[in-house]
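One structure is given here, and the rest of the page talks about it.
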Amino acid sequence: MDTLISNVTAVTMNPRMEVIFGAYIGIDGGKIVSISKTPPKETPKTILEGTGMVAIPGLINCHTHLATSVLRCFTDDLSNTEALQALLQKEAKMDSRTAKAAALLSIAECLRFGVTSVSDLYYYPNATAEAVAQSGIKANLALSSYRFIDQNEDFDFETDEQCRELVTVTDRWHGFDNGRIRIDAGIYAEYTSNYRLWEGLAGYASEKGIGMQLHLAETQREVDSCQERTGMGPGELLNCHNLFAVPAVAAGCTYLEPHERKLLGKRHVSAVATPLTAYKNGQRSTPILESVQAGMNVALGTGGAIECGNLDMFEVMRFAAMSAREESGDPAALPSSAALMMATVTGAQAQGRSKECGMLQVGMDADLALLDFSAPHLMPCHNVLNALVWSAKGGDVALTMVRGKILYQNGRFPTIDLKEVVEELTNYAIPKLFDDQK
């Protein structure tokens, strides 16, 4: 046995929602091989003392833009239009080197906060994949394709620049390290593209057996515009063009019509609620209860650091629960167990990883986080699940591991030279994007 976590409180998130006090978690070959209240007879190579700690499945951030950490806090307090203009100006100056450094910074932040897998929808997927490969985190990476193509203009998937980039990245990275990296197709949104691109991407995704990522119905303006142009909402329109014929993960889904929500539920589309980003932008968040009742799988995400300030999934869980309670007027709506499930179990389902992670269970990858529950704000602990959602913070994470490998422990990142990353951002990336403001 490689590693034994001893005398820990294990929040398994298994189908019985077991919480095992004084548990011993055995790890070998990157897998969980035992969870018991008694220590194994086999002597492990390494023992991690879990007294005072809570072990949880690694959190899964199902919607983010890793490379935007270089722009953190740059557009705060601006209107949505002003923020978008400022963002586009800086993105025009970005390059692969900048994206990789910023992605590494975001990955370090994710690991610091107990996140073991991310879904990224952005540009520079090759650079982001290099950062993911180096760090050891899991990721589903999608190129945020956009094409303002005239409806009568010819479109050729084989020669389109972004489609060719998707093919190259898929050939190189999909399935890397026994599936630690997965590549998805992606569009930014309905309103930045048209049916020729949708159908081309859907056909390619179906052929390759990959998924789809997108933003969907995040604002009322987006929905109204689509209805005026096409007579349909964006969910119904994209469905007509087969975008949901492959497993799809849609951030937002806030302003879908009831019939669209049910349609997407039948299509097994995963809705990703990003309440921090939504509220920071003065918008509604995903109606979680409505989406679940319509048959949709609902997961959680942060959005990019530029949008929400940080990538702390504990804050996201808390705000998701609050949004459901505010919308329903029911203080018992969305209990802690459900918020935790969206950050683990259904997140794994959205990524197509439900057989490998999302629970602490024998046979699954050892993707987990240990939280130090000795902090004043976590004592006394009358209910572990409630404490994780309503009291814990990302900073309480003491250790994060993926496939049994420690990627963060007590301020150290064994796979990421954080000093080097900061130097790269300070000496290259930030001047490249911001020198004109001096």
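Quick note on naming: the chains in the structure tokens go A, B, ... in the order shown, residues restart at 1 in each chain, and ligands are numbered from 1 in order of appearance.
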
Can you list, as a PyMOL selection string, every residue of stretch 9-157 of chain A that DSSP puts in helix (DSSP H, G or I)?
-> chain A and resi 66-71+80-91+96-112+125-135

Can you list every residue of stretch 134-203 of chain A that has an atom at most 12 Å from stretch 93-108 of chain A, with its nearest atom pair and the distance in Å to one decimal, using only C-alpha atoms, ordered by chain then number, as JSON lines?
```
{"residue": "A:Gln134", "atom": "CA", "partner": "A:Leu104", "partner_atom": "CA", "distance": 8.7}
{"residue": "A:Ser135", "atom": "CA", "partner": "A:Ile107", "partner_atom": "CA", "distance": 7.4}
{"residue": "A:Gly136", "atom": "CA", "partner": "A:Ile107", "partner_atom": "CA", "distance": 9.5}
{"residue": "A:Ile137", "atom": "CA", "partner": "A:Ile107", "partner_atom": "CA", "distance": 7.6}
{"residue": "A:Lys138", "atom": "CA", "partner": "A:Ile107", "partner_atom": "CA", "distance": 10.0}
{"residue": "A:Ala139", "atom": "CA", "partner": "A:Ile107", "partner_atom": "CA", "distance": 10.0}
{"residue": "A:Leu141", "atom": "CA", "partner": "A:Ala103", "partner_atom": "CA", "distance": 11.8}
```

Keeping only N, CA and C atoms, write the selected residues as a compact mmCIF listing (two decimals), in the first residue's frame.
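Wrote it out as result24.txt, contents follow:
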```
# COMPACT_ATOMS: atom_id res chain seq x y z
N GLN A 134 1.60 19.37 -16.72
CA GLN A 134 2.67 19.59 -15.74
C GLN A 134 2.15 19.49 -14.31
N SER A 135 0.99 20.00 -14.06
CA SER A 135 0.49 20.15 -12.68
C SER A 135 -0.02 18.86 -12.06
N GLY A 136 -0.57 17.96 -12.87
CA GLY A 136 -1.15 16.73 -12.35
C GLY A 136 -2.63 16.78 -12.09
N ILE A 137 -3.27 17.94 -12.26
CA ILE A 137 -4.72 18.05 -12.09
C ILE A 137 -5.43 17.39 -13.27
N LYS A 138 -6.69 17.06 -13.10
CA LYS A 138 -7.51 16.56 -14.21
C LYS A 138 -8.21 17.75 -14.89
N ALA A 139 -8.50 17.60 -16.17
CA ALA A 139 -9.16 18.70 -16.87
C ALA A 139 -9.87 18.22 -18.11
N LEU A 141 -10.85 20.16 -21.42
CA LEU A 141 -10.48 21.42 -22.05
C LEU A 141 -11.22 21.61 -23.37
```

For atom CA of A:Ala320 and atom CA of A:Leu385, the interatomic separation in Å (one decimal)
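We find that atom CA of A:Ala320 and atom CA of A:Leu385 lie 14.8 Å from each other.
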
Exercise. For A:Thr230, list every protein, DNA or RNA residue within 12 Å, evaluated using only C-alpha atoms, and leave out those in the same chain fewer than 5 positions away; present the list as a PyMOL selection string.
Key: chain A and resi 190-191+194-195+223-225+235-238+240

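Near A:Phe155, within 8 Å and counting only C-alpha atoms, sit Glu153, Phe157, Asp160, Arg196 and Leu197 of chain A; same-chain residues fewer than 2 positions away were not included.
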
Practice problem: From a DSSP calculation on the backbone, collect every residue of stretch 51-210 of chain A in strand (DSSP E or B) and output the set as JSON, numbers by chain. | Solution: {"A": [53, 54, 55, 56, 57, 59, 60, 61, 62, 63, 64, 115, 116, 117, 118, 119, 120, 121, 122, 138, 139, 140, 141, 142, 143, 145, 181, 182, 183, 184, 185, 186, 187]}

Could you pull the residues within 8 Å of A:Ala185, counting only C-alpha atoms, minus those fewer than 6 positions along the same chain, as a short mmCIF file (atom, residue, chain, number, x, y, z; two decimals) with all heavy atoms, in the first residue's frame?
```
data_model
loop_
_atom_site.label_atom_id
_atom_site.label_comp_id
_atom_site.auth_asym_id
_atom_site.auth_seq_id
_atom_site.Cartn_x
_atom_site.Cartn_y
_atom_site.Cartn_z
N ALA A 142 -11.80 22.79 -23.54
CA ALA A 142 -12.53 23.08 -24.78
C ALA A 142 -12.08 24.42 -25.35
O ALA A 142 -11.90 25.39 -24.61
CB ALA A 142 -14.04 23.12 -24.51
N LEU A 143 -11.91 24.46 -26.66
CA LEU A 143 -11.62 25.71 -27.36
C LEU A 143 -12.93 26.48 -27.51
O LEU A 143 -13.91 25.97 -28.05
CB LEU A 143 -11.01 25.43 -28.72
CG LEU A 143 -10.83 26.63 -29.66
CD1 LEU A 143 -9.88 27.64 -29.04
CD2 LEU A 143 -10.30 26.16 -31.02
N LEU A 166 -8.85 22.80 -33.08
CA LEU A 166 -9.51 21.77 -32.26
C LEU A 166 -9.02 20.38 -32.64
O LEU A 166 -8.73 19.55 -31.76
CB LEU A 166 -11.03 21.87 -32.42
CG LEU A 166 -11.84 20.72 -31.80
CD1 LEU A 166 -11.66 20.68 -30.29
CD2 LEU A 166 -13.32 20.85 -32.17
N LEU A 201 -19.06 21.28 -35.58
CA LEU A 201 -18.49 20.85 -34.30
C LEU A 201 -19.22 19.63 -33.75
O LEU A 201 -18.59 18.70 -33.22
CB LEU A 201 -18.55 21.99 -33.29
CG LEU A 201 -17.61 23.17 -33.54
CD1 LEU A 201 -17.90 24.29 -32.55
CD2 LEU A 201 -16.15 22.75 -33.44
N ALA A 202 -20.55 19.64 -33.86
CA ALA A 202 -21.33 18.51 -33.36
C ALA A 202 -20.97 17.22 -34.10
O ALA A 202 -20.85 16.15 -33.50
CB ALA A 202 -22.82 18.80 -33.49
N ALA A 205 -17.48 16.15 -32.91
CA ALA A 205 -17.54 15.63 -31.54
C ALA A 205 -18.15 14.24 -31.51
O ALA A 205 -17.68 13.35 -30.79
CB ALA A 205 -18.34 16.58 -30.64
N ILE A 210 -16.25 12.87 -28.18
CA ILE A 210 -15.92 13.89 -27.18
C ILE A 210 -17.16 14.71 -26.86
O ILE A 210 -18.19 14.61 -27.53
CB ILE A 210 -14.78 14.81 -27.66
CG1 ILE A 210 -15.18 15.58 -28.93
CG2 ILE A 210 -13.52 14.00 -27.92
CD1 ILE A 210 -14.11 16.56 -29.42
N GLY A 211 -17.07 15.52 -25.82
CA GLY A 211 -18.21 16.30 -25.36
C GLY A 211 -18.24 17.70 -25.95
O GLY A 211 -17.49 18.03 -26.88
N MET A 212 -19.12 18.53 -25.37
CA MET A 212 -19.33 19.90 -25.84
C MET A 212 -19.44 20.82 -24.63
O MET A 212 -20.09 20.47 -23.64
CB MET A 212 -20.62 19.97 -26.67
CG MET A 212 -20.91 21.32 -27.29
SD MET A 212 -19.87 21.68 -28.74
CE MET A 212 -20.40 20.39 -29.87
N GLN A 213 -18.83 22.00 -24.71
CA GLN A 213 -18.96 23.02 -23.67
C GLN A 213 -19.44 24.32 -24.31
O GLN A 213 -19.07 24.63 -25.44
CB GLN A 213 -17.64 23.26 -22.95
CG GLN A 213 -17.12 22.09 -22.13
CD GLN A 213 -15.88 22.46 -21.33
OE1 GLN A 213 -15.79 23.55 -20.75
NE2 GLN A 213 -14.91 21.56 -21.31
#
```

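We find atom CA of A:Tyr255 and atom CA of A:Gly203 to be spaced 26.9 Å apart.
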
Min atom-atom distance to A:Val298 from the set A:Leu59, A:Ala250, A:Leu121, A:Ser144, counting only C-alpha atoms, belongs to A:Ala250
